[in-house]
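*Asks:* My structure file target17.pdb, PDB, C-alpha atoms, is below:
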ATOM      1  CA  MET S   1       0.000   0.000   0.000
ATOM      2  CA  ILE S   2       2.795   2.454   0.806
ATOM      3  CA  LEU S   3       5.094   1.929  -2.159
ATOM      4  CA  PRO S   4       2.609   2.471  -5.021
ATOM      5  CA  ILE S   5       1.656   5.837  -3.516
ATOM      6  CA  LEU S   6       5.232   6.789  -2.650
ATOM      7  CA  LEU S   7       7.019   5.884  -5.887
ATOM      8  CA  PRO S   8       5.625   8.690  -8.108
ATOM      9  CA  TRP S   9       6.595  11.285  -5.495
ATOM     10  CA  LEU S  10      10.117   9.887  -5.318
ATOM     11  CA  MET S  11      10.386   9.968  -9.105
ATOM     12  CA  GLY S  12       9.305  13.600  -8.908
ATOM     13  CA  ALA S  13      12.028  14.287  -6.326
ATOM     14  CA  PHE S  14      14.664  12.757  -8.601
ATOM     15  CA  ALA S  15      13.298  14.691 -11.570
ATOM     16  CA  LEU S  16      13.704  17.877  -9.515
ATOM     17  CA  ALA S  17      17.283  16.853  -8.709
ATOM     18  CA  LEU S  18      17.918  16.275 -12.430
ATOM     19  CA  GLY S  19      16.519  19.730 -13.160
ATOM     20  CA  LEU S  20      18.867  21.332 -10.604
ATOM     21  CA  ASN S  21      21.818  19.472 -12.149
ATOM     22  CA  ALA S  22      20.824  20.568 -15.651
ATOM     23  CA  TRP S  23      20.603  24.167 -14.414
ATOM     24  CA  ARG S  24      24.165  23.930 -13.096
ATOM     25  CA  LEU S  25      25.230  22.255 -16.352
ATOM     26  CA  PHE S  26      23.994  25.197 -18.429
ATOM     27  CA  ARG S  27      24.935  27.889 -15.914
ATOM     28  CA  GLY S  28      28.282  26.601 -14.603
ATOM     29  CA  PRO S  29      30.843  29.366 -14.910
ATOM     30  CA  LYS S  30      33.774  27.141 -15.796
ATOM     31  CA  LEU S  31      34.492  23.804 -17.421
ATOM     32  CA  PRO S  32      35.018  21.777 -14.181
ATOM     33  CA  ASP S  33      31.592  22.900 -12.922
ATOM     34  CA  ARG S  34      29.991  21.502 -16.036
ATOM     35  CA  ILE S  35      31.869  18.209 -15.731
ATOM     36  CA  LEU S  36      30.775  17.937 -12.087
ATOM     37  CA  ALA S  37      27.161  18.651 -13.089
ATOM     38  CA  LEU S  38      27.319  15.901 -15.728
ATOM     39  CA  ASP S  39      28.781  13.493 -13.155
ATOM     40  CA  THR S  40      25.943  14.194 -10.712
ATOM     41  CA  LEU S  41      23.386  14.029 -13.508
ATOM     42  CA  TYR S  42      24.283  10.512 -14.556
ATOM     43  CA  ILE S  43      24.227   9.282 -10.957
ATOM     44  CA  ASN S  44      20.747  10.758 -10.455
ATOM     45  CA  ALA S  45      19.569   9.304 -13.772
ATOM     46  CA  LEU S  46      20.808   5.908 -12.564
ATOM     47  CA  ALA S  47      18.712   6.199  -9.405
ATOM     48  CA  LEU S  48      15.684   7.281 -11.441
ATOM     49  CA  MET S  49      16.181   4.223 -13.665
ATOM     50  CA  LEU S  50      16.137   2.012 -10.544
ATOM     51  CA  LEU S  51      12.862   3.594  -9.403
ATOM     52  CA  VAL S  52      11.339   2.973 -12.848
ATOM     53  CA  GLY S  53      12.482  -0.648 -12.525
ATOM     54  CA  LEU S  54      10.690  -0.920  -9.157
ATOM     55  CA  TRP S  55       7.552   0.624 -10.659
ATOM     56  CA  GLN S  56       7.503  -1.706 -13.650
ATOM     57  CA  GLY S  57       8.679  -4.783 -11.735
ATOM     58  CA  SER S  58      11.390  -5.578 -14.237
ATOM     59  CA  LYS S  59      14.934  -6.592 -13.346
ATOM     60  CA  PHE S  60      16.378  -5.515 -16.681
ATOM     61  CA  TYR S  61      16.686  -1.970 -15.409
ATOM     62  CA  PHE S  62      19.588  -3.134 -13.222
ATOM     63  CA  GLU S  63      21.565  -3.849 -16.388
ATOM     64  CA  VAL S  64      20.660  -0.393 -17.669
ATOM     65  CA  ALA S  65      21.816   1.135 -14.369
ATOM     66  CA  LEU S  66      25.091  -0.789 -14.523
ATOM     67  CA  LEU S  67      25.703   0.402 -18.092
ATOM     68  CA  ILE S  68      24.930   4.015 -17.173
ATOM     69  CA  GLY S  69      27.337   3.780 -14.233
ATOM     70  CA  LEU S  70      30.167   2.329 -16.324
ATOM     71  CA  LEU S  71      29.831   4.717 -19.259
ATOM     72  CA  GLY S  72      29.250   7.752 -17.041
ATOM     73  CA  PHE S  73      32.403   7.063 -15.045
ATOM     74  CA  LEU S  74      34.392   6.619 -18.256
ATOM     75  CA  GLY S  75      33.018   9.909 -19.571
ATOM     76  CA  THR S  76      33.923  11.783 -16.383
ATOM     77  CA  VAL S  77      37.447  10.353 -16.401
ATOM     78  CA  ALA S  78      37.902  11.206 -20.077
ATOM     79  CA  LEU S  79      36.723  14.799 -19.615
ATOM     80  CA  ALA S  80      38.857  15.304 -16.496
ATOM     81  CA  LYS S  81      41.898  13.860 -18.280
ATOM     82  CA  PHE S  82      41.237  16.201 -21.178
ATOM     83  CA  VAL S  83      41.244  19.220 -18.861
ATOM     84  CA  LEU S  84      44.325  17.925 -17.022
ATOM     85  CA  ARG S  85      46.532  16.991 -19.972
ATOM     86  CA  GLY S  86      44.877  18.488 -23.046
ATOM     87  CA  ASP S  87      44.688  14.993 -24.460
ATOM     88  CA  ILE S  88      42.721  11.858 -23.593
ATOM     89  CA  ALA S  89      44.863   8.957 -24.794
ATOM     90  CA  GLU S  90      48.575   9.609 -24.653
TER      91      GLU S  90
ATOM     92  CA  MET M   1       2.194  -0.336 -11.856
ATOM     93  CA  ASN M   2       3.778  -3.546 -10.675
ATOM     94  CA  PRO M   3       1.077  -5.710  -8.988
ATOM     95  CA  ALA M   4       3.681  -7.725  -7.064
ATOM     96  CA  LEU M   5       4.371  -4.619  -4.950
ATOM     97  CA  LEU M   6       0.997  -5.135  -3.247
ATOM     98  CA  GLN M   7       1.964  -8.596  -1.989
ATOM     99  CA  LEU M   8       4.988  -7.467   0.003
ATOM    100  CA  PRO M   9       4.922  -8.051   3.784
ATOM    101  CA  LEU M  10       4.357  -4.917   5.836
ATOM    102  CA  TRP M  11       7.800  -4.787   7.464
ATOM    103  CA  ALA M  12       9.512  -5.019   4.068
ATOM    104  CA  GLU M  13       7.303  -2.283   2.692
ATOM    105  CA  ILE M  14       8.007   0.060   5.619
ATOM    106  CA  LEU M  15      11.750  -0.648   5.457
ATOM    107  CA  ALA M  16      11.875  -0.115   1.683
ATOM    108  CA  ALA M  17       9.810   3.072   1.937
ATOM    109  CA  ALA M  18      12.098   4.476   4.658
ATOM    110  CA  LEU M  19      15.201   3.657   2.624
ATOM    111  CA  LEU M  20      13.719   5.169  -0.526
ATOM    112  CA  VAL M  21      12.671   8.379   1.204
ATOM    113  CA  THR M  22      16.115   8.698   2.809
ATOM    114  CA  GLY M  23      17.806   8.118  -0.530
ATOM    115  CA  ALA M  24      15.667  10.603  -2.411
ATOM    116  CA  GLY M  25      16.202  13.178   0.355
ATOM    117  CA  PHE M  26      19.991  12.776   0.218
ATOM    118  CA  ALA M  27      20.037  12.983  -3.587
ATOM    119  CA  LEU M  28      17.856  16.086  -3.542
ATOM    120  CA  VAL M  29      20.010  17.782  -0.898
ATOM    121  CA  GLY M  30      23.159  16.924  -2.849
ATOM    122  CA  SER M  31      21.780  18.361  -6.064
ATOM    123  CA  TRP M  32      20.507  21.441  -4.239
ATOM    124  CA  GLY M  33      23.999  21.937  -2.830
ATOM    125  CA  LEU M  34      25.453  21.612  -6.317
ATOM    126  CA  ALA M  35      23.086  24.287  -7.571
ATOM    127  CA  LYS M  36      23.347  26.661  -4.619
ATOM    128  CA  LEU M  37      26.887  26.736  -3.216
ATOM    129  CA  GLY M  38      29.198  29.438  -4.425
ATOM    130  CA  ASP M  39      32.553  27.921  -5.291
ATOM    131  CA  PHE M  40      33.653  24.845  -7.221
ATOM    132  CA  TYR M  41      35.445  23.354  -4.210
ATOM    133  CA  LYS M  42      32.370  23.913  -2.050
ATOM    134  CA  ARG M  43      30.098  22.558  -4.750
ATOM    135  CA  LEU M  44      32.039  19.313  -4.938
ATOM    136  CA  HIS M  45      30.940  18.332  -1.414
ATOM    137  CA  GLY M  46      27.264  17.920  -2.233
ATOM    138  CA  PRO M  47      27.346  15.446  -5.106
ATOM    139  CA  SER M  48      30.366  13.431  -4.031
ATOM    140  CA  LYS M  49      28.956  12.577  -0.610
ATOM    141  CA  ALA M  50      25.217  13.065  -0.517
ATOM    142  CA  THR M  51      24.296  11.839  -3.955
ATOM    143  CA  THR M  52      26.358   8.677  -3.660
ATOM    144  CA  LEU M  53      24.733   7.888  -0.314
ATOM    145  CA  GLY M  54      21.277   8.605  -1.750
ATOM    146  CA  VAL M  55      21.785   6.273  -4.688
ATOM    147  CA  GLY M  56      23.169   3.676  -2.276
ATOM    148  CA  CYS M  57      19.968   3.803  -0.186
ATOM    149  CA  VAL M  58      17.803   3.486  -3.319
ATOM    150  CA  LEU M  59      19.887   0.515  -4.483
ATOM    151  CA  VAL M  60      19.564  -1.278  -1.124
ATOM    152  CA  ALA M  61      15.781  -0.751  -1.089
ATOM    153  CA  SER M  62      15.433  -1.946  -4.670
ATOM    154  CA  GLY M  63      17.527  -5.032  -3.936
ATOM    155  CA  LEU M  64      15.374  -5.787  -0.861
ATOM    156  CA  VAL M  65      12.136  -5.559  -2.827
ATOM    157  CA  PHE M  66      13.401  -7.697  -5.690
ATOM    158  CA  ALA M  67      14.838 -10.275  -3.282
ATOM    159  CA  LEU M  68      11.358 -10.673  -1.763
ATOM    160  CA  ILE M  69       9.176 -10.726  -4.883
ATOM    161  CA  ASP M  70      11.736 -12.617  -6.971
ATOM    162  CA  LYS M  71      14.942 -14.440  -6.085
ATOM    163  CA  PRO M  72      17.944 -12.548  -4.641
ATOM    164  CA  SER M  73      20.518 -11.368  -7.169
ATOM    165  CA  PHE M  74      23.914  -9.691  -7.150
ATOM    166  CA  HIS M  75      23.177  -7.008  -9.726
ATOM    167  CA  GLU M  76      22.337  -4.270  -7.267
ATOM    168  CA  LEU M  77      25.354  -5.165  -5.108
ATOM    169  CA  LEU M  78      27.511  -4.879  -8.213
ATOM    170  CA  VAL M  79      26.146  -1.420  -9.065
ATOM    171  CA  LEU M  80      26.569  -0.336  -5.418
ATOM    172  CA  LEU M  81      30.169  -1.541  -5.251
ATOM    173  CA  PHE M  82      31.017   0.096  -8.570
ATOM    174  CA  LEU M  83      29.482   3.434  -7.542
ATOM    175  CA  PHE M  84      31.209   3.451  -4.149
ATOM    176  CA  VAL M  85      34.561   2.724  -5.781
ATOM    177  CA  THR M  86      34.267   5.221  -8.628
ATOM    178  CA  ALA M  87      32.752   8.251  -6.849
ATOM    179  CA  PRO M  88      35.903   9.239  -4.858
ATOM    180  CA  VAL M  89      38.105   8.595  -7.904
ATOM    181  CA  SER M  90      36.072  10.908 -10.116
ATOM    182  CA  ALA M  91      35.905  13.563  -7.362
ATOM    183  CA  HIS M  92      39.695  13.467  -6.987
ATOM    184  CA  LEU M  93      40.176  13.753 -10.749
ATOM    185  CA  LEU M  94      37.742  16.683 -10.881
ATOM    186  CA  VAL M  95      39.639  18.565  -8.162
ATOM    187  CA  LYS M  96      42.906  17.989 -10.005
ATOM    188  CA  ALA M  97      41.300  19.174 -13.245
ATOM    189  CA  ALA M  98      39.904  22.308 -11.568
ATOM    190  CA  LEU M  99      43.297  23.151 -10.031
ATOM    191  CA  LYS M 100      44.927  22.734 -13.442
ATOM    192  CA  HIS M 101      42.212  24.694 -15.235
ATOM    193  CA  ASP M 102      42.395  27.715 -12.941
ATOM    194  CA  PRO M 103      45.442  27.690 -10.621
ATOM    195  CA  ALA M 104      44.525  31.067  -9.119
ATOM    196  CA  SER M 105      41.400  29.544  -7.556
ATOM    197  CA  ARG M 106      43.395  27.330  -5.183
ATOM    198  CA  PRO M 107      42.072  27.990  -1.654
ATOM    199  CA  LYS M 108      44.561  29.407   0.861
ATOM    200  CA  LEU M 109      46.117  27.048   3.369
ATOM    201  CA  PRO M 110      44.774  27.335   6.920
ATOM    202  CA  PRO M 111      47.142  29.259   9.231
TER     203      PRO M 111
END
Would you mind writing the file out in structure tokens?

*Replies:*
Amino acid sequence: MILPILLPWLMGAFALALGLNAWRLFRGPKLPDRILALDTLYINALALMLLVGLWQGSKFYFEVALLIGLLGFLGTVALAKFVLRGDIAE
Amino acid sequence: MNPALLQLPLWAEILAAALLVTGAGFALVGSWGLAKLGDFYKRLHGPSKATTLGVGCVLVASGLVFALIDKPSFHELLVLLFLFVTAPVSAHLLVKAALKHDPASRPKLPP
């Protein structure tokens, strides 16, 4: 009884968090702020994907979450390396 | 909506709801800190701690629910382990990148 009422509100909370991250992504004064906003955005999108998986009752969303985590971390590392060295693969 | 959610025992439902509310609260506070705080080094605190903890709570609740309505699996543990390993690494790399990008923004050492 609790979870079916609660889940839409929690999805709304994560959507609000995604909106705040997107605001920082567009606003961010410098490049590292934007990279940090992207990093937070993929983590919040991962949590939203898990909530959608709970709502639909499907376990395939765990694979989606794992893929988002892997590719998001690789993207953050690549962008940070680009700022650090001016090159990604040396 | 998933009809199997209605067949959960009450204790599992209360525990999962508490974990989910805690997780969503932490994620929201972390994102609010990212949007509100004034400096890059202050902004880094919110996402790197609060958001990781929030996603961890959501993952534990989701794993609990799926272990009860289906059989237990290691997927959520895998995601949790991966996130907890990679979050400090990416935060460290971001600080190094910010120091390289703008060396004048390095905060002063405490006296």

*Asks:* May I ask you to extract the residues of chain M within 6 Å of chain S, using only C-alpha atoms, and to give them as a compact mmCIF listing (two decimals) with C-alpha atoms, in the coordinates of the input?

*Replies:*
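Result file is iface-v6.txt:
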# COMPACT_ATOMS: atom_id res chain seq x y z
CA MET M 1 2.19 -0.34 -11.86
CA ASN M 2 3.78 -3.55 -10.68
CA LEU M 28 17.86 16.09 -3.54
CA SER M 31 21.78 18.36 -6.06
CA ALA M 35 23.09 24.29 -7.57
CA PRO M 47 27.35 15.45 -5.11
CA VAL M 55 21.78 6.27 -4.69
CA VAL M 79 26.15 -1.42 -9.06
CA LEU M 94 37.74 16.68 -10.88
CA ALA M 97 41.30 19.17 -13.24
CA ALA M 98 39.90 22.31 -11.57

*Asks:* Could you tell me how far atom CA of M:Ala91 lies from atom CA of M:Leu44, in Å and to one decimal?

*Replies:* 7.3 Å

*Asks:* Please define a box with edges along x, y and z of the file around all atoms of stretch 81-88 of chain S given in the file, extend it by 8 Å on each side, and return its centre and edge lengths in Å to one decimal, as JSON.

*Replies:*
{"center_x": 43.9, "center_y": 15.5, "center_z": -20.7, "size_x": 21.3, "size_y": 23.4, "size_z": 23.4}

*Asks:* What is the distance between atom CA of M:Ile14 and atom CA of M:His75, in Å to one decimal?

*Replies:* 22.7 Å

*Asks:* For the file shown, report as a ChimeraX atom specification the outcome of the PyMOL selection byres ((chain M and resi 18) around 12) at residue level.

*Replies:* /S:2-3,6-7,10 /M:11-17,19-25,54,57-58,60-62

*Asks:* Distance atom CA of M:Leu5-atom CA of M:Gly56, one decimal place?

*Replies:*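 Going from atom CA of M:Leu5 over to atom CA of M:Gly56 covers 20.7 Å.
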
*Asks:* Using all atoms listed in the file, which of M:Gln7, M:Lys36, M:Thr52, M:Asp102 sits nearest M:Ser90?

*Replies:*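 Under the stated criterion, the closest residue is M:Thr52.
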
*Asks:* For the provided coordinates, the residues matched by the PyMOL selection byres ((chain M and resi 30) around 7) should be stated as a PyMOL selection string.

*Replies:* chain M and resi 26-29+31-34+46-47+50-51
